[in-house]
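Below you'll find the structure, written out as structure tokens, and then a few comments.
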Amino acid sequence: MAQTIAASRVQTADEALAQDAGQYAKQFGVSQREAERRLRALADSVAATDAIETTYRDRVAGVSIEHKPALRILVYLTGGDPVPTRTLNAGGMSVPIVFRTGAKASRDRVIWAITYHQAAIRAALPNPPAMGLDPRTGELVIVVPTATAAANGKEALRARLEAIAGVPVRLRVLDQIDVNLSAPMGGSRVEGRNAADGRRYLCTTAFTVTDGARYGVATAAHCLDDLTYFDPRRDATPLSFVGQWGWGYQDVQINASPDPLPGLFYADTERTVERPVTGQRSRDSTRAGDFVCHRGETTGYSCAIVELTDFAPAGDLCGGPCLPTWVTVAGPTCRGGDSGSPVFIGTTALGIVKGATYRGGACIFYFYMSADYIPQPWRLVLGPSTPPVPSPPFGALGPP
């Protein structure tokens, strides 16, 4: 086994929030203090938006976060019956919750349509499309290439697909490519050799997991089975393959460690600061407009906005059609080698990066699997002192 390296500094929850708030401040032109207040408010508002979605389950199309000109929460409902604006006290500030009516269909109805009519929609087009729910309008958005829209007539094609789906459809004409984010390259942090072509492939590990008896790390299922972990000092440790789950709604692989591991991961590009996992947020509690971060081995640390929470990537990236369970996050920071990397905010884990959508070689958005779908009995290891070992193998094994 590789020599254990001395642990670098472990962030507190406040330090982790401050790091992410620095990215928020740059993107939205607010002070560091205001960015921290907003991120705390967003975290504290999750319970309230969960309750709203439960109350208006038959009407809600989606919930989104608006950051400019000020922070507020928008709830989109079907029908015309108005709901008064509310004010939520969260994170030491007052956040308006504004209800907008007139959405074309509820979230439940659109998700049902994707799930049950996906095969027919795919069959109606030359190539299997990406699709998802627009939470702001209650429409099923289907992405088609320019050539397909031109050959069929955009409006005629939209009407045909709407008749199949049974819900309002909006076409997005976009020449895109959806791919998994593994890539052949050296100098990796988690890599393996493909026996078929003899090349080495790079992935990024996500979070530490345990089944109560063993400890390991999670990465993407489309990464190679036999992986070697490289710590920041380039010491290598083989990780034994446990299993992979890569169908429909999952893209996760677990490789076991010979020793217990703490609930730590790297959240900085240089891998000099360790961050604890203190909890996780479910996909149902994730909202369009939420501010999230990820740390990929190729692109490093970055933060951006959630775009869709009910997305089905194009093609057969999920061992066949993908279910509408993937969450998209705005680019441009994603590239090959980021597969398996962690998605988080502060010390809260959200998911594991699967792939990305490209246009003209540029990353439009990446998409991740929610941590909800880590296979049982495996679960996230929480906290820097779990398990109670003096220092972890591989340094702080987390997202390299």
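Note on naming: chains are A, B, ... as they come in the structure tokens, residues start from 1 per chain, ligands start from 1 in the order shown.
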
May I have a table of the residues of range 141-174 of chain A lying at most 8 Å from range 120-135 of chain A, giving each one's closest pair of atoms and their distance in Å to one decimal, counting only C-alpha atoms, ordered by chain and ascending residue number, as a Markdown table?
| residue | atom | partner | partner_atom | distance |
| --- | --- | --- | --- | --- |
| A:Val141 | CA | A:Gly132 | CA | 5.4 |
| A:Ile142 | CA | A:Met131 | CA | 4.4 |
| A:Val143 | CA | A:Ala130 | CA | 5.4 |
| A:Val144 | CA | A:Pro129 | CA | 6.3 |
| A:Thr148 | CA | A:Pro126 | CA | 7.6 |
| A:Leu161 | CA | A:Ile121 | CA | 6.5 |
| A:Ile164 | CA | A:Ile121 | CA | 6.8 |
| A:Ala165 | CA | A:Ile121 | CA | 7.4 |

All strand (DSSP E) positions in range 20-151 of chain A, as JSON, numbers by chain: {"A": [60, 61, 62, 63, 64, 65, 66, 72, 73, 74, 75, 76, 77, 78, 86, 87, 88, 89, 90, 93, 94, 95, 96, 97, 98, 99, 100, 101, 102, 103, 131, 132, 133, 134, 139, 140, 141, 142, 143, 144]}

Contact residues around Met369 in chain A with only C-alpha atoms at 7 Å, ignoring same-chain residues under 2 positions, as a list in words: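 Neighbouring residues, sequence-local ones excluded: Gln250, Asp251, Trp326, Val327, Gly351, Ile352, Val353, Lys354 and Ala371 of chain A.
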
DSSP alpha helix (DSSP H) residues within range 95-304 of chain A, listed as JSON, numbers by chain: {"A": [107, 108, 109, 110, 111, 112, 113, 114, 115, 116, 117, 118, 119, 120, 121, 122, 123, 146, 147, 148, 149, 150, 151, 152, 154, 155, 156, 157, 158, 159, 160, 161, 162, 163, 164, 165]}

Prev. selection, N, CA and C atoms, output as a CSV table (one decimal), in the first residue's frame:
chain,number,residue,atom,x,y,z
A,107,ARG,N,-45.5,19.0,-12.7
A,107,ARG,CA,-44.3,18.2,-12.7
A,107,ARG,C,-44.6,16.7,-12.8
A,108,ASP,N,-45.5,16.2,-12.0
A,108,ASP,CA,-45.8,14.8,-12.0
A,108,ASP,C,-46.3,14.3,-13.3
A,109,ARG,N,-47.1,15.2,-14.0
A,109,ARG,CA,-47.7,14.8,-15.3
A,109,ARG,C,-46.6,14.7,-16.3
A,110,VAL,N,-45.7,15.7,-16.4
A,110,VAL,CA,-44.6,15.6,-17.4
A,110,VAL,C,-43.6,14.5,-17.1
A,111,ILE,N,-43.3,14.3,-15.9
A,111,ILE,CA,-42.4,13.2,-15.6
A,111,ILE,C,-43.0,11.8,-16.0
A,112,TRP,N,-44.3,11.7,-15.7
A,112,TRP,CA,-45.0,10.5,-16.1
A,112,TRP,C,-44.9,10.3,-17.6
A,113,ALA,N,-45.1,11.4,-18.4
A,113,ALA,CA,-45.1,11.4,-19.8
A,113,ALA,C,-43.8,10.9,-20.3
A,114,ILE,N,-42.7,11.5,-19.8
A,114,ILE,CA,-41.4,11.1,-20.2
A,114,ILE,C,-41.1,9.6,-19.9
A,115,THR,N,-41.5,9.2,-18.8
A,115,THR,CA,-41.2,7.8,-18.4
A,115,THR,C,-42.0,6.8,-19.2
A,116,TYR,N,-43.3,7.1,-19.5
A,116,TYR,CA,-44.1,6.1,-20.2
A,116,TYR,C,-44.1,6.3,-21.8
A,117,HIS,N,-43.7,7.4,-22.3
A,117,HIS,CA,-43.8,7.6,-23.7
A,117,HIS,C,-42.4,7.9,-24.3
A,118,GLN,N,-41.3,7.7,-23.5
A,118,GLN,CA,-40.0,7.9,-24.0
A,118,GLN,C,-39.7,7.1,-25.2
A,119,ALA,N,-40.0,5.8,-25.2
A,119,ALA,CA,-39.7,4.9,-26.3
A,119,ALA,C,-40.4,5.4,-27.6
A,120,ALA,N,-41.7,5.8,-27.5
A,120,ALA,CA,-42.4,6.3,-28.7
A,120,ALA,C,-41.8,7.6,-29.2
A,121,ILE,N,-41.4,8.4,-28.3
A,121,ILE,CA,-40.7,9.7,-28.7
A,121,ILE,C,-39.4,9.4,-29.4
A,122,ARG,N,-38.6,8.5,-28.9
A,122,ARG,CA,-37.3,8.1,-29.5
A,122,ARG,C,-37.6,7.5,-30.9
A,123,ALA,N,-38.6,6.7,-31.0
A,123,ALA,CA,-38.9,6.1,-32.3
A,123,ALA,C,-39.3,7.0,-33.3
A,146,THR,N,-30.7,20.7,-35.7
A,146,THR,CA,-31.2,21.7,-36.7
A,146,THR,C,-31.8,20.9,-37.9
A,147,ALA,N,-31.0,19.9,-38.4
A,147,ALA,CA,-31.4,19.2,-39.6
A,147,ALA,C,-32.8,18.5,-39.4
A,148,THR,N,-33.0,17.9,-38.2
A,148,THR,CA,-34.3,17.2,-37.9
A,148,THR,C,-35.5,18.2,-37.9
A,149,ALA,N,-35.2,19.4,-37.3
A,149,ALA,CA,-36.3,20.4,-37.3
A,149,ALA,C,-36.6,20.9,-38.7
A,150,ALA,N,-35.6,21.1,-39.5
A,150,ALA,CA,-35.8,21.6,-40.8
A,150,ALA,C,-36.4,20.6,-41.7
A,151,ALA,N,-36.1,19.3,-41.6
A,151,ALA,CA,-36.7,18.3,-42.4
A,151,ALA,C,-38.1,18.0,-42.2
A,152,ASN,N,-38.5,18.2,-40.9
A,152,ASN,CA,-39.9,17.9,-40.6
A,152,ASN,C,-40.8,19.1,-40.4
A,154,LYS,N,-40.6,22.6,-37.9
A,154,LYS,CA,-40.5,22.6,-36.4
A,154,LYS,C,-41.8,22.5,-35.7
A,155,GLU,N,-42.8,23.3,-36.2
A,155,GLU,CA,-44.1,23.3,-35.6
A,155,GLU,C,-44.8,21.9,-35.8
A,156,ALA,N,-44.7,21.4,-37.0
A,156,ALA,CA,-45.4,20.1,-37.3
A,156,ALA,C,-44.7,19.0,-36.4
A,157,LEU,N,-43.4,19.0,-36.3
A,157,LEU,CA,-42.7,18.0,-35.4
A,157,LEU,C,-43.1,18.2,-34.0
A,158,ARG,N,-43.2,19.5,-33.5
A,158,ARG,CA,-43.6,19.7,-32.1
A,158,ARG,C,-45.0,19.1,-31.9
A,159,ALA,N,-45.9,19.4,-32.8
A,159,ALA,CA,-47.3,18.9,-32.6
A,159,ALA,C,-47.4,17.4,-32.6
A,160,ARG,N,-46.6,16.8,-33.5
A,160,ARG,CA,-46.5,15.3,-33.5
A,160,ARG,C,-46.0,14.7,-32.2
A,161,LEU,N,-45.0,15.3,-31.7
A,161,LEU,CA,-44.4,14.8,-30.4
A,161,LEU,C,-45.3,15.1,-29.3
A,162,GLU,N,-46.0,16.2,-29.3
A,162,GLU,CA,-47.0,16.5,-28.3
A,162,GLU,C,-48.1,15.5,-28.2
A,163,ALA,N,-48.5,15.1,-29.4
A,163,ALA,CA,-49.6,14.1,-29.5
A,163,ALA,C,-49.2,12.8,-28.9
A,164,ILE,N,-47.9,12.4,-29.1
A,164,ILE,CA,-47.4,11.2,-28.5
A,164,ILE,C,-47.3,11.3,-27.0
A,165,ALA,N,-46.7,12.5,-26.5
A,165,ALA,CA,-46.5,12.6,-25.1
A,165,ALA,C,-47.7,12.9,-24.3

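In this comparison, which uses only C-alpha atoms, the residue of A:Thr333, A:Thr357, A:Thr286, A:Thr278 approaching Thr49 in chain A most closely is A:Thr286.
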
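Near range 18-25 of chain A, within 8 Å and counting only C-alpha atoms, sit Ser31, Gln32, Glu34, Ala35, Glu36, Leu39, Phe291, Cys293, Ser302, Cys303, Ile345 and Gly346 of chain A; same-chain residues fewer than 6 positions away were not included.
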
Range 233-247 of chain A environment, 6 Å, only C-alpha atoms, sequence neighbours closer than 4 positions dropped, as a list in words: Met1, Ala2, Ala221, Asp225, Asp226, Leu227, Thr228, Tyr229, Asp251, Val252, Gln253, Ile254, Asn255, Ala256, Ser257, Cys318 and Gly319 of chain A

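Rounded to one decimal, CA of Thr210 in chain A and CA of Arg275 in chain A lie 17.8 Å from each other.
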
Selected residue, from A:Asp211, A:Glu15, A:Glu297, A:Asp259, that lies nearest to Ser339 in chain A when counting only C-alpha atoms: A:Glu297

Nearest-residue call for Ala267 in chain A, choices A:Phe230, A:Phe99, A:Phe207, A:Tyr56, using only C-alpha atoms: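 Nearest candidate to Ala267 in chain A out of A:Phe230, A:Phe99, A:Phe207, A:Tyr56: A:Phe207.
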